[in-house]
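K.L.:
target_4.tsv is reproduced in full below (TSV, C-alpha atoms).
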```tsv
chain	number	residue	atom	x	y	z
G	1	LEU	CA	0.00	0.00	0.00
G	2	ALA	CA	2.87	2.36	0.77
G	3	PHE	CA	4.41	1.74	-2.65
G	4	VAL	CA	1.03	2.22	-4.35
G	5	LEU	CA	0.67	5.56	-2.58
G	6	ASP	CA	4.19	6.55	-3.58
G	7	LEU	CA	3.80	5.47	-7.22
G	8	GLN	CA	0.45	7.15	-7.71
G	9	PHE	CA	1.46	10.33	-5.91
G	10	LEU	CA	4.66	10.49	-7.97
G	11	CYS	CA	2.86	10.01	-11.29
G	12	PHE	CA	-0.84	10.82	-11.01
G	13	GLY	CA	-1.37	13.05	-7.97
G	14	ARG	CA	-2.69	12.86	-4.41
G	15	GLY	CA	-6.30	11.99	-5.22
G	16	ALA	CA	-5.43	9.05	-7.48
G	17	ALA	CA	-2.85	7.84	-4.94
G	18	LEU	CA	-5.33	7.73	-2.05
G	19	THR	CA	-8.01	6.16	-4.25
G	20	ALA	CA	-5.71	3.40	-5.52
G	21	ALA	CA	-4.48	2.61	-2.00
G	22	THR	CA	-8.09	2.50	-0.74
G	23	LEU	CA	-9.20	0.14	-3.52
G	24	LEU	CA	-6.27	-2.19	-2.88
G	25	ALA	CA	-6.65	-2.07	0.91
G	26	PHE	CA	-10.30	-3.15	0.69
G	27	SER	CA	-9.79	-5.62	-2.18
G	28	ILE	CA	-10.99	-9.00	-0.90
G	29	PRO	CA	-8.84	-10.99	-3.40
G	30	HIS	CA	-5.87	-9.05	-2.07
G	31	VAL	CA	-6.84	-9.82	1.54
G	32	ALA	CA	-7.57	-13.50	0.84
G	33	TYR	CA	-4.25	-14.16	-0.87
G	34	ALA	CA	-2.23	-12.03	1.55
G	35	VAL	CA	-2.51	-14.88	4.08
G	36	GLU	CA	-1.14	-17.42	1.58
G	37	ALA	CA	2.19	-19.07	2.31
G	38	ARG	CA	2.79	-18.97	-1.44
G	39	PRO	CA	4.24	-15.69	-2.76
G	40	TYR	CA	1.21	-14.27	-4.58
G	41	SER	CA	1.00	-11.07	-2.53
G	42	LEU	CA	4.79	-10.73	-2.64
G	43	CYS	CA	4.61	-10.83	-6.45
G	44	ALA	CA	1.93	-8.13	-6.32
G	45	LEU	CA	4.23	-5.99	-4.16
G	46	LEU	CA	7.12	-6.47	-6.60
G	47	THR	CA	4.84	-5.42	-9.47
G	48	VAL	CA	4.30	-2.06	-7.80
G	49	VAL	CA	8.01	-1.74	-6.95
G	50	GLN	CA	8.86	-2.57	-10.56
G	51	PHE	CA	6.53	0.16	-11.85
G	52	ALA	CA	7.91	2.62	-9.30
G	53	ALA	CA	11.46	1.91	-10.52
G	54	PHE	CA	10.24	2.21	-14.13
G	55	ALA	CA	8.59	5.58	-13.45
G	56	TRP	CA	11.65	6.80	-11.50
G	57	LEU	CA	13.95	5.85	-14.38
G	58	HIS	CA	11.70	7.46	-16.97
G	59	ASP	CA	11.43	10.68	-14.94
G	60	ALA	CA	15.18	11.40	-15.05
G	61	PRO	CA	17.39	8.65	-16.53
G	62	SER	CA	20.80	8.22	-14.94
G	63	VAL	CA	23.29	5.41	-14.45
G	64	MET	CA	22.21	4.98	-10.82
G	65	ARG	CA	18.53	4.74	-11.78
G	66	TRP	CA	19.35	2.24	-14.50
G	67	VAL	CA	21.18	0.10	-11.94
G	68	VAL	CA	18.24	0.27	-9.52
G	69	PHE	CA	15.79	-0.60	-12.29
G	70	THR	CA	17.95	-3.58	-13.34
G	71	LEU	CA	18.27	-4.90	-9.77
G	72	VAL	CA	14.53	-4.52	-9.14
G	73	SER	CA	13.79	-6.34	-12.42
G	74	VAL	CA	16.02	-9.25	-11.40
G	75	ALA	CA	14.33	-9.44	-7.98
G	76	TYR	CA	10.92	-9.27	-9.67
G	77	PHE	CA	11.68	-12.17	-12.00
G	78	LEU	CA	13.18	-14.29	-9.21
G	79	THR	CA	10.07	-13.68	-7.09
G	80	GLY	CA	7.64	-14.78	-9.82
G	81	LEU	CA	8.46	-16.12	-13.27
G	82	MET	CA	5.51	-14.35	-14.90
G	83	GLY	CA	7.08	-11.05	-13.93
G	84	LEU	CA	9.26	-11.61	-16.99
G	85	LEU	CA	6.23	-10.66	-19.13
G	86	VAL	CA	6.02	-7.27	-17.41
G	87	ILE	CA	9.77	-6.76	-17.69
G	88	GLY	CA	9.58	-7.58	-21.40
G	89	ILE	CA	6.86	-4.97	-21.96
G	90	MET	CA	8.93	-2.32	-20.17
G	91	PHE	CA	12.02	-3.26	-22.18
G	92	LEU	CA	10.13	-2.82	-25.45
G	93	LEU	CA	8.63	0.51	-24.35
G	94	ILE	CA	12.00	1.91	-23.26
G	95	GLY	CA	13.65	0.64	-26.43
G	96	GLY	CA	10.90	2.17	-28.55
G	97	GLU	CA	11.22	5.52	-26.81
G	98	LEU	CA	14.99	5.53	-27.26
G	99	PHE	CA	14.55	4.72	-30.94
G	100	VAL	CA	12.44	7.83	-31.56
G	101	ARG	CA	14.29	10.09	-29.10
G	102	ARG	CA	17.27	12.25	-29.99
G	103	SER	CA	19.25	13.58	-27.07
G	104	LEU	CA	22.78	13.89	-25.76
G	105	ALA	CA	22.14	11.03	-23.32
G	106	LEU	CA	20.94	8.65	-26.03
G	107	ARG	CA	24.20	6.72	-26.27
G	108	ARG	CA	24.40	6.28	-22.49
G	109	ASP	CA	20.81	5.03	-22.26
G	110	LEU	CA	21.29	2.63	-25.17
G	111	VAL	CA	24.35	1.16	-23.44
G	112	MET	CA	22.44	0.86	-20.15
G	113	LEU	CA	19.50	-0.77	-21.95
G	114	LEU	CA	21.92	-3.31	-23.41
G	115	VAL	CA	23.45	-3.95	-19.98
G	116	PHE	CA	19.94	-4.38	-18.57
G	117	ALA	CA	19.02	-6.90	-21.29
G	118	VAL	CA	22.24	-8.90	-20.87
G	119	THR	CA	21.87	-8.97	-17.07
G	120	VAL	CA	18.28	-10.20	-17.17
G	121	ALA	CA	19.15	-12.74	-19.88
G	122	ALA	CA	22.08	-14.06	-17.81
G	123	VAL	CA	19.89	-14.43	-14.71
G	124	LEU	CA	17.22	-16.11	-16.84
G	125	TYR	CA	19.76	-18.55	-18.26
G	126	GLY	CA	21.23	-19.29	-14.84
G	127	TYR	CA	17.79	-19.82	-13.33
G	128	PHE	CA	16.64	-22.33	-15.93
G	129	LEU	CA	20.00	-24.06	-16.38
G	130	GLY	CA	19.55	-27.71	-15.50
G	131	THR	CA	15.77	-27.49	-15.09
G	132	HIS	CA	13.08	-29.23	-17.11
G	133	LEU	CA	11.80	-26.03	-18.69
G	134	TRP	CA	9.78	-27.73	-21.42
G	135	VAL	CA	8.28	-30.55	-19.31
G	136	THR	CA	4.49	-30.47	-19.46
G	137	ALA	CA	2.08	-31.25	-16.64
G	138	ARG	CA	-0.30	-34.21	-16.61
G	139	HIS	CA	-3.51	-32.22	-16.23
G	140	LYS	CA	-6.31	-32.81	-18.71
G	141	LEU	CA	-5.87	-30.35	-21.58
G	142	VAL	CA	-8.65	-27.77	-21.73
G	143	ALA	CA	-8.93	-25.36	-24.63
G	144	GLY	CA	-7.78	-21.90	-23.58
G	145	ASP	CA	-9.98	-18.82	-23.94
G	146	PRO	CA	-7.61	-15.86	-23.50
G	147	LEU	CA	-10.18	-13.09	-23.95
G	148	GLY	CA	-12.92	-14.67	-21.85
G	149	THR	CA	-10.46	-15.65	-19.13
G	150	THR	CA	-9.03	-12.13	-19.05
G	151	LEU	CA	-12.48	-10.61	-18.61
G	152	ASP	CA	-13.40	-13.16	-15.93
G	153	THR	CA	-10.16	-12.45	-14.08
G	154	LEU	CA	-10.65	-8.68	-14.17
G	155	PHE	CA	-14.23	-9.18	-12.97
G	156	TYR	CA	-12.93	-11.28	-10.07
G	157	PHE	CA	-10.36	-8.60	-9.23
G	158	ALA	CA	-13.25	-6.12	-9.20
G	159	GLY	CA	-14.85	-8.24	-6.49
G	160	GLY	CA	-17.81	-8.92	-8.78
G	161	ASP	CA	-18.80	-5.24	-8.59
G	162	ARG	CA	-20.16	-4.11	-11.96
G	163	LEU	CA	-19.15	-0.46	-11.50
G	164	PHE	CA	-15.59	-1.41	-10.53
G	165	PHE	CA	-15.43	-3.74	-13.54
G	166	ALA	CA	-16.82	-1.06	-15.86
G	167	LEU	CA	-14.23	1.44	-14.62
G	168	THR	CA	-11.51	-1.14	-15.29
G	169	LEU	CA	-12.65	-1.55	-18.91
G	170	LEU	CA	-12.99	2.23	-19.33
G	171	ALA	CA	-9.29	2.56	-18.56
G	172	PHE	CA	-8.40	1.17	-22.00
G	173	PRO	CA	-10.03	3.96	-24.06
G	174	LEU	CA	-9.87	6.80	-21.53
G	175	LEU	CA	-6.29	6.66	-20.29
G	176	PRO	CA	-4.65	7.02	-23.73
G	177	LEU	CA	-6.91	10.02	-24.45
G	178	ALA	CA	-6.09	11.58	-21.08
G	179	SER	CA	-2.39	10.95	-21.62
G	180	ALA	CA	-2.51	12.62	-25.03
G	181	ARG	CA	-4.30	15.69	-23.65
G	182	ALA	CA	-2.34	16.06	-20.38
G	183	PRO	CA	0.96	14.14	-20.63
G	184	ALA	CA	2.35	15.91	-17.56
G	185	ARG	CA	-0.46	14.56	-15.35
G	186	TYR	CA	-0.82	11.19	-17.09
G	187	PRO	CA	2.70	10.12	-18.26
G	188	PRO	CA	2.28	8.36	-21.65
G	189	LEU	CA	4.95	5.70	-21.13
G	190	LEU	CA	3.59	4.68	-17.71
G	191	VAL	CA	0.01	4.65	-19.00
G	192	ALA	CA	1.09	2.49	-21.93
G	193	ALA	CA	2.89	0.07	-19.60
G	194	ILE	CA	-0.15	-0.30	-17.32
G	195	LEU	CA	-2.59	-0.88	-20.18
G	196	LEU	CA	-0.28	-3.28	-22.05
G	197	VAL	CA	0.21	-5.36	-18.91
G	198	LEU	CA	-3.54	-5.45	-18.17
G	199	GLY	CA	-4.38	-6.26	-21.79
G	200	THR	CA	-1.71	-8.79	-22.71
G	201	VAL	CA	-0.24	-10.50	-19.65
G	202	ILE	CA	-3.32	-12.49	-18.60
G	203	PRO	CA	-3.94	-13.86	-22.16
G	204	ALA	CA	-0.23	-14.71	-22.38
G	205	ILE	CA	-0.41	-16.65	-19.10
G	206	VAL	CA	-3.47	-18.54	-20.34
G	207	GLU	CA	-1.67	-19.53	-23.55
G	208	LEU	CA	1.54	-20.48	-21.76
G	209	GLU	CA	-0.28	-22.68	-19.27
G	210	HIS	CA	-2.36	-24.18	-22.06
G	211	HIS	CA	0.89	-25.06	-23.84
G	212	LYS	CA	2.21	-26.62	-20.63
G	213	ARG	CA	-1.03	-28.61	-20.25
G	214	TYR	CA	-1.68	-26.76	-17.00
G	215	TYR	CA	-4.78	-25.04	-15.71
G	216	PHE	CA	-5.24	-21.29	-15.27
G	217	HIS	CA	-6.31	-19.86	-11.93
G	218	VAL	CA	-6.88	-16.19	-11.07
G	219	ARG	CA	-4.15	-16.40	-8.44
G	220	HIS	CA	-1.62	-16.91	-11.23
G	221	ALA	CA	-2.36	-13.34	-12.36
G	222	LEU	CA	-2.76	-11.79	-8.91
G	223	PHE	CA	0.41	-9.79	-9.43
G	224	VAL	CA	-1.50	-7.49	-11.82
G	225	LEU	CA	-4.20	-6.68	-9.23
G	226	PRO	CA	-2.43	-3.49	-8.02
G	227	LEU	CA	-2.40	-2.27	-11.63
G	228	VAL	CA	-6.17	-2.75	-11.82
G	229	CYS	CA	-6.53	-0.51	-8.76
G	230	LEU	CA	-4.09	2.01	-10.26
G	231	ALA	CA	-5.98	2.13	-13.56
G	232	VAL	CA	-9.39	2.51	-11.88
G	233	ALA	CA	-8.03	5.26	-9.62
G	234	VAL	CA	-6.72	7.19	-12.63
G	235	VAL	CA	-10.06	6.78	-14.44
G	236	LEU	CA	-11.90	8.12	-11.39
G	237	ASP	CA	-9.44	11.01	-11.16
G	238	LEU	CA	-10.02	11.79	-14.84
G	239	VAL	CA	-13.80	11.58	-14.66
G	240	VAL	CA	-14.27	13.46	-11.36
G	241	ARG	CA	-12.11	16.34	-12.58
G	242	GLN	CA	-14.62	16.91	-15.40
G	243	LEU	CA	-17.49	17.50	-12.98
G	244	PRO	CA	-18.49	21.20	-12.89
G	245	LEU	CA	-18.67	21.34	-9.10
G	246	ALA	CA	-15.23	19.77	-8.68
G	247	ARG	CA	-13.23	22.08	-10.92
G	248	GLY	CA	-10.59	23.92	-8.95
G	249	ARG	CA	-11.56	22.24	-5.66
G	250	ARG	CA	-8.90	19.69	-4.89
G	251	TRP	CA	-10.40	18.57	-1.61
G	252	LEU	CA	-13.74	17.88	-3.29
G	253	ILE	CA	-12.07	15.90	-6.09
G	254	VAL	CA	-10.29	13.69	-3.55
G	255	ALA	CA	-13.44	13.32	-1.41
G	256	VAL	CA	-15.57	12.22	-4.38
G	257	GLN	CA	-12.95	9.73	-5.55
G	258	LEU	CA	-12.61	8.18	-2.10
G	259	THR	CA	-16.40	8.02	-1.71
G	260	ILE	CA	-16.75	6.09	-4.98
G	261	ALA	CA	-13.85	3.80	-4.03
G	262	LEU	CA	-15.47	2.99	-0.69
G	263	ALA	CA	-18.88	2.55	-2.33
G	264	VAL	CA	-17.62	-0.09	-4.78
G	265	SER	CA	-15.59	-1.85	-2.06
G	266	TRP	CA	-18.04	-1.87	0.85
G	267	PRO	CA	-20.52	-4.56	-0.35
G	268	ASN	CA	-17.76	-7.18	-0.56
G	269	VAL	CA	-16.19	-6.01	2.68
G	270	ARG	CA	-19.54	-6.38	4.47
G	271	ILE	CA	-20.09	-9.89	3.09
G	272	TYR	CA	-16.52	-10.82	3.96
G	273	LEU	CA	-16.96	-9.69	7.56
G	274	GLU	CA	-20.23	-11.62	7.87
G	275	ARG	CA	-19.25	-14.78	5.95
G	276	PRO	CA	-15.46	-14.90	5.38
G	277	ASN	CA	-15.54	-18.58	4.43
G	278	ALA	CA	-17.50	-17.70	1.29
G	279	PHE	CA	-14.35	-15.99	0.02
G	280	PHE	CA	-11.73	-18.31	1.48
G	281	SER	CA	-13.50	-21.32	-0.07
G	282	GLN	CA	-12.55	-19.82	-3.46
G	283	THR	CA	-8.87	-19.85	-2.56
G	284	LYS	CA	-8.52	-22.75	-0.13
G	285	THR	CA	-9.46	-26.42	0.03
G	286	LEU	CA	-10.84	-27.19	3.48
G	287	ARG	CA	-9.07	-30.19	5.00
G	288	ASP	CA	-9.60	-31.09	8.65
G	289	LEU	CA	-6.02	-32.19	9.27
G	290	ARG	CA	-6.30	-31.43	12.98
G	291	GLY	CA	-9.31	-33.69	13.39
G	292	PHE	CA	-7.69	-36.43	11.32
G	293	THR	CA	-4.44	-36.23	13.30
G	294	GLN	CA	-6.36	-36.40	16.58
G	295	PHE	CA	-8.08	-39.57	15.27
G	296	VAL	CA	-4.67	-41.05	14.41
G	297	ARG	CA	-3.40	-40.10	17.88
G	298	ASP	CA	-6.29	-41.94	19.54
G	299	LEU	CA	-5.77	-44.91	17.22
G	300	THR	CA	-2.08	-45.23	18.11
G	301	SER	CA	-2.43	-44.48	21.82
G	302	THR	CA	-2.25	-48.20	22.70
G	303	PHE	CA	0.65	-49.03	20.37
G	304	ALA	CA	3.75	-50.73	21.70
G	305	ALA	CA	7.07	-48.91	21.30
G	306	ASP	CA	7.91	-50.70	18.02
G	307	ASP	CA	4.40	-50.63	16.48
G	308	LYS	CA	3.86	-48.52	13.38
G	309	LEU	CA	0.76	-47.23	11.62
G	310	LEU	CA	1.09	-47.08	7.82
G	311	LEU	CA	-0.75	-44.15	6.19
G	312	LEU	CA	-1.11	-44.13	2.42
G	313	THR	CA	-1.83	-40.96	0.42
G	314	GLN	CA	-2.27	-40.57	-3.30
G	315	ILE	CA	0.60	-39.08	-5.26
G	316	GLY	CA	-0.37	-36.35	-7.74
G	317	ASP	CA	1.80	-35.33	-10.68
G	318	ALA	CA	5.25	-36.76	-11.29
G	319	GLY	CA	7.58	-35.52	-8.56
G	320	TYR	CA	4.72	-34.59	-6.22
G	321	LEU	CA	5.63	-35.57	-2.64
G	322	THR	CA	3.33	-37.01	0.00
G	323	ASN	CA	1.38	-34.39	1.86
G	324	PRO	CA	3.94	-32.19	3.68
G	325	THR	CA	1.25	-30.52	5.76
G	326	LEU	CA	0.10	-33.85	7.15
G	327	THR	CA	3.74	-34.67	7.94
G	328	LEU	CA	3.97	-31.47	9.99
G	329	TYR	CA	0.77	-32.27	11.87
G	330	LEU	CA	2.08	-35.73	12.75
G	331	GLU	CA	5.27	-34.15	14.07
G	332	TRP	CA	3.38	-31.48	16.02
G	333	TYR	CA	1.25	-34.15	17.72
G	334	GLY	CA	4.33	-36.28	18.56
G	335	LEU	CA	3.26	-39.13	16.28
G	336	ALA	CA	6.28	-39.28	13.97
G	337	ASP	CA	7.67	-42.37	15.77
G	338	HIS	CA	4.42	-44.33	15.43
G	339	VAL	CA	3.18	-43.28	11.98
G	340	VAL	CA	4.78	-43.89	8.60
G	341	LEU	CA	3.43	-41.76	5.75
G	342	ARG	CA	3.85	-43.14	2.24
G	343	GLY	CA	2.53	-42.21	-1.20
G	344	VAL	CA	1.02	-44.54	-3.81
G	345	ASP	CA	-0.19	-43.86	-7.32
G	346	SER	CA	-3.60	-45.41	-6.65
G	347	PRO	CA	-4.90	-46.11	-3.11
G	348	ALA	CA	-7.79	-48.07	-4.64
G	349	ALA	CA	-5.33	-50.47	-6.29
G	350	ALA	CA	-3.16	-50.68	-3.16
G	351	LEU	CA	-5.98	-51.63	-0.79
G	352	PRO	CA	-6.59	-55.18	-2.15
G	353	VAL	CA	-2.85	-55.86	-2.06
G	354	LEU	CA	-2.67	-54.53	1.48
G	355	ALA	CA	-5.67	-56.66	2.53
G	356	THR	CA	-3.98	-59.80	1.19
G	357	LEU	CA	-0.55	-58.96	2.48
G	358	CYS	CA	-1.63	-57.82	5.91
G	359	ALA	CA	-4.75	-59.80	6.71
G	360	GLU	CA	-3.80	-59.71	10.40
G	361	GLY	CA	-2.36	-56.22	10.58
G	362	CYS	CA	1.14	-56.91	9.23
G	363	ARG	CA	2.56	-57.22	12.73
G	364	GLY	CA	6.12	-58.47	12.53
G	365	ARG	CA	6.53	-57.67	8.83
G	366	PRO	CA	9.38	-55.26	7.99
G	367	LEU	CA	8.07	-51.95	6.71
G	368	PRO	CA	10.36	-51.85	3.62
G	369	VAL	CA	8.92	-55.17	2.45
G	370	VAL	CA	5.34	-53.95	2.81
G	371	ALA	CA	6.13	-50.65	1.10
G	372	ALA	CA	7.84	-52.42	-1.79
G	373	ARG	CA	4.86	-54.73	-2.36
G	374	LEU	CA	2.56	-51.66	-2.44
G	375	HIS	CA	4.92	-49.68	-4.67
G	376	ALA	CA	4.77	-46.99	-1.98
G	377	HIS	CA	7.45	-44.33	-1.57
```
What does the file become when written as structure tokens?

P.N.:
Amino acid sequence: LAFVLDLQFLCFGRGAALTAATLLAFSIPHVAYAVEARPYSLCALLTVVQFAAFAWLHDAPSVMRWVVFTLVSVAYFLTGLMGLLVIGIMFLLIGGELFVRRSLALRRDLVMLLVFAVTVAAVLYGYFLGTHLWVTARHKLVAGDPLGTTLDTLFYFAGGDRLFFALTLLAFPLLPLASARAPARYPPLLVAAILLVLGTVIPAIVELEHHKRYYFHVRHALFVLPLVCLAVAVVLDLVVRQLPLARGRRWLIVAVQLTIALAVSWPNVRIYLERPNAFFSQTKTLRDLRGFTQFVRDLTSTFAADDKLLLLTQIGDAGYLTNPTLTLYLEWYGLADHVVLRGVDSPAAALPVLATLCAEGCRGRPLPVVAARLHAH
């Protein structure tokens, strides 16, 4: 939120900054994924930092700002691979501007752009060296729908609010016009970067995951959520400034923008406060691991010191390990010495083998022998 405030205030003014921060602060997708152990909200933060470095560089290019922009870009990519799409868009925009610009600093900026490209390429090569970059997943292939998925994702980011969603779509025609009329207030290069990311990154992710035989989920594009809030805030700033009563009254412009931002956010906030599980069920799979572990604890409470309970879980894709969360629960409840967790490709196929092999509970049989017969690992 601090970086959103800083970026908006630097580029679009106080009213847009406060509006964008308000929209992001009350965004339920943002709140729901902020509690994730996975780095979705961290990627969203790095998106804002990346745009702040981009705007800072564009405002007054210098060697120091080029270095900062390069380092931030490397951190962005290493935080989330899809950040490379955003970096690529910025690279093309900067390169295009340098191509049409004639200034004394042109040679320096071209050299720094080349250094930036080589650095990112080297990090990219080092990251993927020795990995199975082109391995595809085993999910059922579903035909991709880039346009429909993009609209659905933006609607989800709008919290299902039709006005919020409409303002998001209005950003595409309105922001270029505003940038052309008032480039000092709406910097053209930054506006272009925001709109290109919103318009191309989600379809690109859909196609990439389709190629990898993987499924698309809105969380994969969560890193563009701050840009949705930025774009809507700028649209509101543009529209409110055209109101006759608001002209020349800065406090009224800011007040109207914040009122609209709160109005489009409050319905979801109210529902979230009343029924939070309705939102978390969209991002989480409810598993009662505590209750299951307590059942296992009661089951093993009468075990002798050398007795073991064999738990079998189904293995997912190739390389997918047995449930690490369940392993932690078993350790937390002090059951690691009495429970052995193993994975099998098909529990249904393993059960008949287990019933034949261990008709009397497998007492006295070495665990490695049982595991080998079940093809468990």

K.L.:
What is the CA of Phe280 in chain G to CA of Thr327 in chain G distance in Å?

P.N.:
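Between CA of Phe280 in chain G and CA of Thr327 in chain G the gap works out to 23.4 Å.
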
K.L.:
Please, what distance in Å, to one decimal, runs between CA of Leu147 in chain G and CA of Gly159 in chain G?

P.N.:
18.7 Å

K.L.:
For CA of Phe155 in chain G and CA of Thr168 in chain G, quote the distance in Å rounded to one decimal.

P.N.:
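Separation between CA of Phe155 in chain G and CA of Thr168 in chain G: 8.8 Å.
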
K.L.:
Of the candidates G:Tyr272, G:Phe99, G:Tyr156, G:Phe77, which shows the shortest atom-to-atom distance to Tyr127 in chain G, using all atoms listed in the file?

P.N.:
G:Phe77

K.L.:
Which is closer to Pro276 in chain G than all the others in G:Val31, G:Leu46, G:Leu357, G:Ala17, using all atoms listed in the file?

P.N.:
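Using all atoms listed in the file, Pro276 in chain G sits closest to G:Val31.
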
K.L.:
With 4 Å on each side, where is the centre of the axis-aligned box around all listed atoms of range 270-284 of chain G, and how long are its edges in Å to one decimal, as lines of an AutoDock Vina configuration file?

P.N.:
```
center_x = -14.4
center_y = -14.6
center_z = 2.2
size_x = 19.7
size_y = 24.4
size_z = 19.3
```

K.L.:
Taking a cut-off of 12 Å and counting all atoms listed in the file, can you build a table that, for each residue of range 192-240 of chain G near range 179-182 of chain G, reports the nearest atom pair and how far apart they are in Å (one decimal), sorted by chain then residue number, as a tab-separated table?

P.N.:
```
residue	atom	partner	partner_atom	distance
G:Ala192	CA	G:Ser179	CA	9.2
G:Leu195	CA	G:Ser179	CA	11.9
G:Val234	CA	G:Ser179	CA	10.7
G:Val235	CA	G:Ser179	CA	11.3
G:Leu238	CA	G:Ser179	CA	10.2
```

K.L.:
With distances taken over all atoms listed in the file, which of G:Leu113, G:Leu341, G:Val4, G:Ala34 is nearest to Val67 in chain G?

P.N.:
G:Leu113

K.L.:
Which residue is closest to Leu84 in chain G? Choose from G:Arg290, G:Leu98, G:Ile205, G:Val344 and count all atoms listed in the file.

P.N.:
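The closest residue to Leu84 in chain G is G:Ile205.
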
K.L.:
Here is a test: counting all atoms listed in the file, which residue of G:Ala204, G:Ala233, G:Val197, G:Val74 is nearest to Cys11 in chain G?

P.N.:
G:Ala233

K.L.:
Would you pick out the contacts of Leu1 in chain G at 10 Å or less, using only C-alpha atoms, so that residues sharing its chain but fewer than 5 positions from it are not included, and give the list as a list in words?

P.N.:
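These residues fall inside the cut-off: Asp6, Leu7, Ala17, Leu18, Ala20, Ala21, Thr22, Leu23, Leu24, Ala25, Leu45, Val48 and Pro226 of chain G.
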
K.L.:
Which polymer residues have any atom within 8 Å of an atom of Phe54 in chain G, counting only C-alpha atoms, with same-chain residues fewer than 3 positions away left out, as a ChimeraX atom specification?

P.N.:
/G:50-51,57-58,69,90,190

K.L.:
Tell me which protein, DNA and RNA residues are within 12 Å of Leu335 in chain G, counting all atoms listed in the file, leaving out same-chain ones fewer than 2 positions away, and put them as a list of chain:residue names.

P.N.:
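Counting only the stated atoms, we get G:Thr293, G:Gln294, G:Phe295, G:Val296, G:Arg297, G:Asp298, G:Leu299, G:Thr300, G:Ser301, G:Phe303, G:Ala305, G:Asp307, G:Lys308, G:Leu309, G:Leu310, G:Leu311, G:Leu326, G:Thr327, G:Leu328, G:Tyr329, G:Leu330, G:Glu331, G:Trp332, G:Tyr333, G:Asp337, G:His338, G:Val339, G:Val340, G:Leu341.
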